[in-house]
Amino acid sequence: MIDWTVIQSALATWVESVTGVKAWIANQNGPRPAAPYVSLRFVGSESDVAVPARHVEDNANNISVDITHLSEGMLVVELTCFAATAVGSSAAHAILQELRKRARTTARAALKAAGLGIGAFSTIGDFSRAVTAATWEPRALMTARFFVLDVVTENAPYAETAEVTIETE
């Protein structure tokens with residue numbers, strides 16, 4: 001089964017390693033961190049988008065078989081960068097741009113260990129806004145798609161013998 005806690009942790013580690021800023025899982029209770037940071041909001045997932053593959057292997061005692069089911073899914077994550085400077089969205093945009101640029105070459109071990117592969121990134125949008133009349137908050141947003149590999153192994157016993165009885169009238 002997919003362990004979503006491991007996936008969240010792997011994505012946060014990856015974002016922090018690539019950008020150098022704090023990654024924060026969105027929609028948590030409590031105050032948000034000080035800027036700059038990247039918020040990760042899990043928008044949705046699609047499981048079993050690929051035909052599951054089966055791998056059958058005899059285990060050592062030859063009285064059962066291990067069946068491994070593999071299926072791929074897609075995870076959609078919204079990454080919103082909140083920058084510390086109030087000079088427009090350029091700082092927030094630059095952080096997400098760096099993430100897009102270095103995504104496939106930096107700190108991928110955490111993603112791989114969690115069964116994640118990088119899919120595609122959307123364009124980066126400017127979503128800066130005035131928080132109060134005197135406060136401007138630079139923001140940039142990008143959507144990322146990740147491939148998720150789900151591996152489930154189950155053990156099934158062999159049927160050692162089978163009897164067929166044919167009754168005739």
# chains A, B, ... in the order shown; residues from 1 in each chain; ligands from 1

call {"tool": "residues_around", "arguments": {"residues": "Thr13 (chain A)", "least_positions_apart": "4", "cutoff": "8 Å", "atoms": "only C-alpha atoms", "output": "ChimeraX atom specification"}}
result
/A:9,17,23,110

call {"tool": "atom_distance", "arguments": {"atom1": "CA of Val6 (chain A)", "atom2": "CA of Leu116 (chain A)"}}
result
10.4 Å

call {"tool": "closest_residue", "arguments": {"among": "A:Ala109, A:Ala114, A:Val15, A:Val21", "to": "Val148 (chain A)", "atoms": "only C-alpha atoms"}}
result
A:Ala114

call {"tool": "residues_around", "arguments": {"residues": "region 120-128 of chain A", "least_positions_apart": "4", "cutoff": "9 Å", "atoms": "only C-alpha atoms", "output": "list in words"}}
result
Thr80, Phe82, Gly88, Ser89, Ser90, Ala92, His93, Leu96, Gln97, Arg100, Trp136, Glu137, Pro138, Arg139, Ala140, Leu141, Met142, Thr143, Ala144, Arg145 and Phe146 of chain A

call {"tool": "write_last_selection", "arguments": {"atoms": "N, CA and C atoms", "output": "PDB file, in the first residue's frame"}}
result
ATOM      1  N   THR A  80       3.172  26.257  -3.927  1.00  0.00           N
ATOM      2  CA  THR A  80       3.034  27.702  -3.854  1.00  0.00           C
ATOM      3  C   THR A  80       4.206  28.249  -3.067  1.00  0.00           C
ATOM      4  N   PHE A  82       5.966  31.341  -1.162  1.00  0.00           N
ATOM      5  CA  PHE A  82       5.732  32.607  -0.484  1.00  0.00           C
ATOM      6  C   PHE A  82       7.105  33.216  -0.219  1.00  0.00           C
ATOM      7  N   GLY A  88       7.546  42.431  -5.369  1.00  0.00           N
ATOM      8  CA  GLY A  88       6.869  41.750  -6.461  1.00  0.00           C
ATOM      9  C   GLY A  88       7.111  40.259  -6.361  1.00  0.00           C
ATOM     10  N   SER A  89       6.667  39.537  -7.345  1.00  0.00           N
ATOM     11  CA  SER A  89       6.727  38.085  -7.279  1.00  0.00           C
ATOM     12  C   SER A  89       8.044  37.519  -7.771  1.00  0.00           C
ATOM     13  N   SER A  90       9.003  38.356  -8.147  1.00  0.00           N
ATOM     14  CA  SER A  90      10.220  37.842  -8.766  1.00  0.00           C
ATOM     15  C   SER A  90      10.958  36.858  -7.858  1.00  0.00           C
ATOM     16  N   ALA A  92       9.668  34.865  -5.437  1.00  0.00           N
ATOM     17  CA  ALA A  92       8.881  33.636  -5.378  1.00  0.00           C
ATOM     18  C   ALA A  92       8.976  32.877  -6.696  1.00  0.00           C
ATOM     19  N   HIS A  93       8.886  33.599  -7.786  1.00  0.00           N
ATOM     20  CA  HIS A  93       8.991  32.995  -9.115  1.00  0.00           C
ATOM     21  C   HIS A  93      10.365  32.363  -9.300  1.00  0.00           C
ATOM     22  N   LEU A  96      10.682  28.890  -7.525  1.00  0.00           N
ATOM     23  CA  LEU A  96      10.023  27.807  -8.261  1.00  0.00           C
ATOM     24  C   LEU A  96      10.729  27.529  -9.587  1.00  0.00           C
ATOM     25  N   GLN A  97      11.266  28.554 -10.220  1.00  0.00           N
ATOM     26  CA  GLN A  97      12.017  28.362 -11.461  1.00  0.00           C
ATOM     27  C   GLN A  97      13.245  27.493 -11.201  1.00  0.00           C
ATOM     28  N   ARG A 100      12.115  23.888 -10.879  1.00  0.00           N
ATOM     29  CA  ARG A 100      11.870  23.290 -12.210  1.00  0.00           C
ATOM     30  C   ARG A 100      13.173  22.961 -12.918  1.00  0.00           C
ATOM     31  N   TRP A 136       2.278  43.589   1.272  1.00  0.00           N
ATOM     32  CA  TRP A 136       2.222  42.898  -0.012  1.00  0.00           C
ATOM     33  C   TRP A 136       2.903  41.542   0.154  1.00  0.00           C
ATOM     34  N   GLU A 137       2.265  40.480  -0.328  1.00  0.00           N
ATOM     35  CA  GLU A 137       2.845  39.146  -0.184  1.00  0.00           C
ATOM     36  C   GLU A 137       3.157  38.567  -1.565  1.00  0.00           C
ATOM     37  N   PRO A 138       4.446  38.446  -1.897  1.00  0.00           N
ATOM     38  CA  PRO A 138       4.818  37.845  -3.177  1.00  0.00           C
ATOM     39  C   PRO A 138       4.557  36.342  -3.171  1.00  0.00           C
ATOM     40  N   ARG A 139       3.867  35.838  -4.172  1.00  0.00           N
ATOM     41  CA  ARG A 139       3.555  34.423  -4.303  1.00  0.00           C
ATOM     42  C   ARG A 139       3.723  33.994  -5.747  1.00  0.00           C
ATOM     43  N   ALA A 140       4.097  32.744  -5.905  1.00  0.00           N
ATOM     44  CA  ALA A 140       4.123  32.136  -7.238  1.00  0.00           C
ATOM     45  C   ALA A 140       3.612  30.716  -7.077  1.00  0.00           C
ATOM     46  N   LEU A 141       2.960  30.194  -8.110  1.00  0.00           N
ATOM     47  CA  LEU A 141       2.335  28.877  -8.024  1.00  0.00           C
ATOM     48  C   LEU A 141       2.696  28.034  -9.237  1.00  0.00           C
ATOM     49  N   MET A 142       2.916  26.732  -8.977  1.00  0.00           N
ATOM     50  CA  MET A 142       3.224  25.782 -10.036  1.00  0.00           C
ATOM     51  C   MET A 142       2.592  24.438  -9.642  1.00  0.00           C
ATOM     52  N   THR A 143       2.082  23.723 -10.615  1.00  0.00           N
ATOM     53  CA  THR A 143       1.536  22.389 -10.377  1.00  0.00           C
ATOM     54  C   THR A 143       2.534  21.360 -10.884  1.00  0.00           C
ATOM     55  N   ALA A 144       2.745  20.316 -10.082  1.00  0.00           N
ATOM     56  CA  ALA A 144       3.670  19.246 -10.463  1.00  0.00           C
ATOM     57  C   ALA A 144       2.935  17.916 -10.459  1.00  0.00           C
ATOM     58  N   ARG A 145       3.291  17.067 -11.390  1.00  0.00           N
ATOM     59  CA  ARG A 145       2.733  15.709 -11.466  1.00  0.00           C
ATOM     60  C   ARG A 145       3.863  14.718 -11.218  1.00  0.00           C
ATOM     61  N   PHE A 146       3.566  13.751 -10.365  1.00  0.00           N
ATOM     62  CA  PHE A 146       4.545  12.722 -10.021  1.00  0.00           C
ATOM     63  C   PHE A 146       3.940  11.355 -10.292  1.00  0.00           C
TER      64      PHE A 146
END

call {"tool": "residues_around", "arguments": {"residues": "Ile95 (chain A)", "least_positions_apart": "3", "cutoff": "8 Å", "atoms": "only C-alpha atoms", "output": "list of chain:residue names"}}
result
A:Thr19, A:Cys81, A:Ala91, A:Ala92, A:Glu98, A:Leu99

call {"tool": "write_last_selection", "arguments": {"atoms": "C-alpha atoms", "output": "mmCIF file, in the first residue's frame"}}
result
data_model
loop_
_atom_site.group_PDB
_atom_site.id
_atom_site.type_symbol
_atom_site.label_atom_id
_atom_site.label_comp_id
_atom_site.auth_asym_id
_atom_site.auth_seq_id
_atom_site.Cartn_x
_atom_site.Cartn_y
_atom_site.Cartn_z
ATOM 1 C CA THR A 19 15.503 25.220 -3.362
ATOM 2 C CA CYS A 81 6.081 29.781 -2.991
ATOM 3 C CA ALA A 91 11.708 36.175 -5.646
ATOM 4 C CA ALA A 92 8.881 33.636 -5.378
ATOM 5 C CA GLU A 98 15.074 26.914 -9.700
ATOM 6 C CA LEU A 99 12.989 23.926 -8.612
#

call {"tool": "closest_residue", "arguments": {"among": "A:Gln28, A:Val38, A:Leu79, A:Asp3", "to": "Asp150 (chain A)", "atoms": "only C-alpha atoms"}}
result
A:Asp3

call {"tool": "residues_around", "arguments": {"residues": "Leu40 (chain A)", "least_positions_apart": "6", "cutoff": "6 Å", "atoms": "only C-alpha atoms", "output": "list in words"}}
result
Ile25, Ala26, Glu78 and Leu79 of chain A

call {"tool": "atom_distance", "arguments": {"atom1": "CA of Val18 (chain A)", "atom2": "CA of Arg102 (chain A)"}}
result
6.7 Å

call {"tool": "closest_residue", "arguments": {"among": "A:Lys101, A:Arg108, A:Arg32, A:Arg41", "to": "Leu75 (chain A)", "atoms": "only C-alpha atoms"}}
result
A:Arg41

call {"tool": "closest_residue", "arguments": {"among": "A:Ile166, A:Ala107, A:Val77, A:Ile7", "to": "Ser39 (chain A)", "atoms": "only C-alpha atoms"}}
result
A:Val77
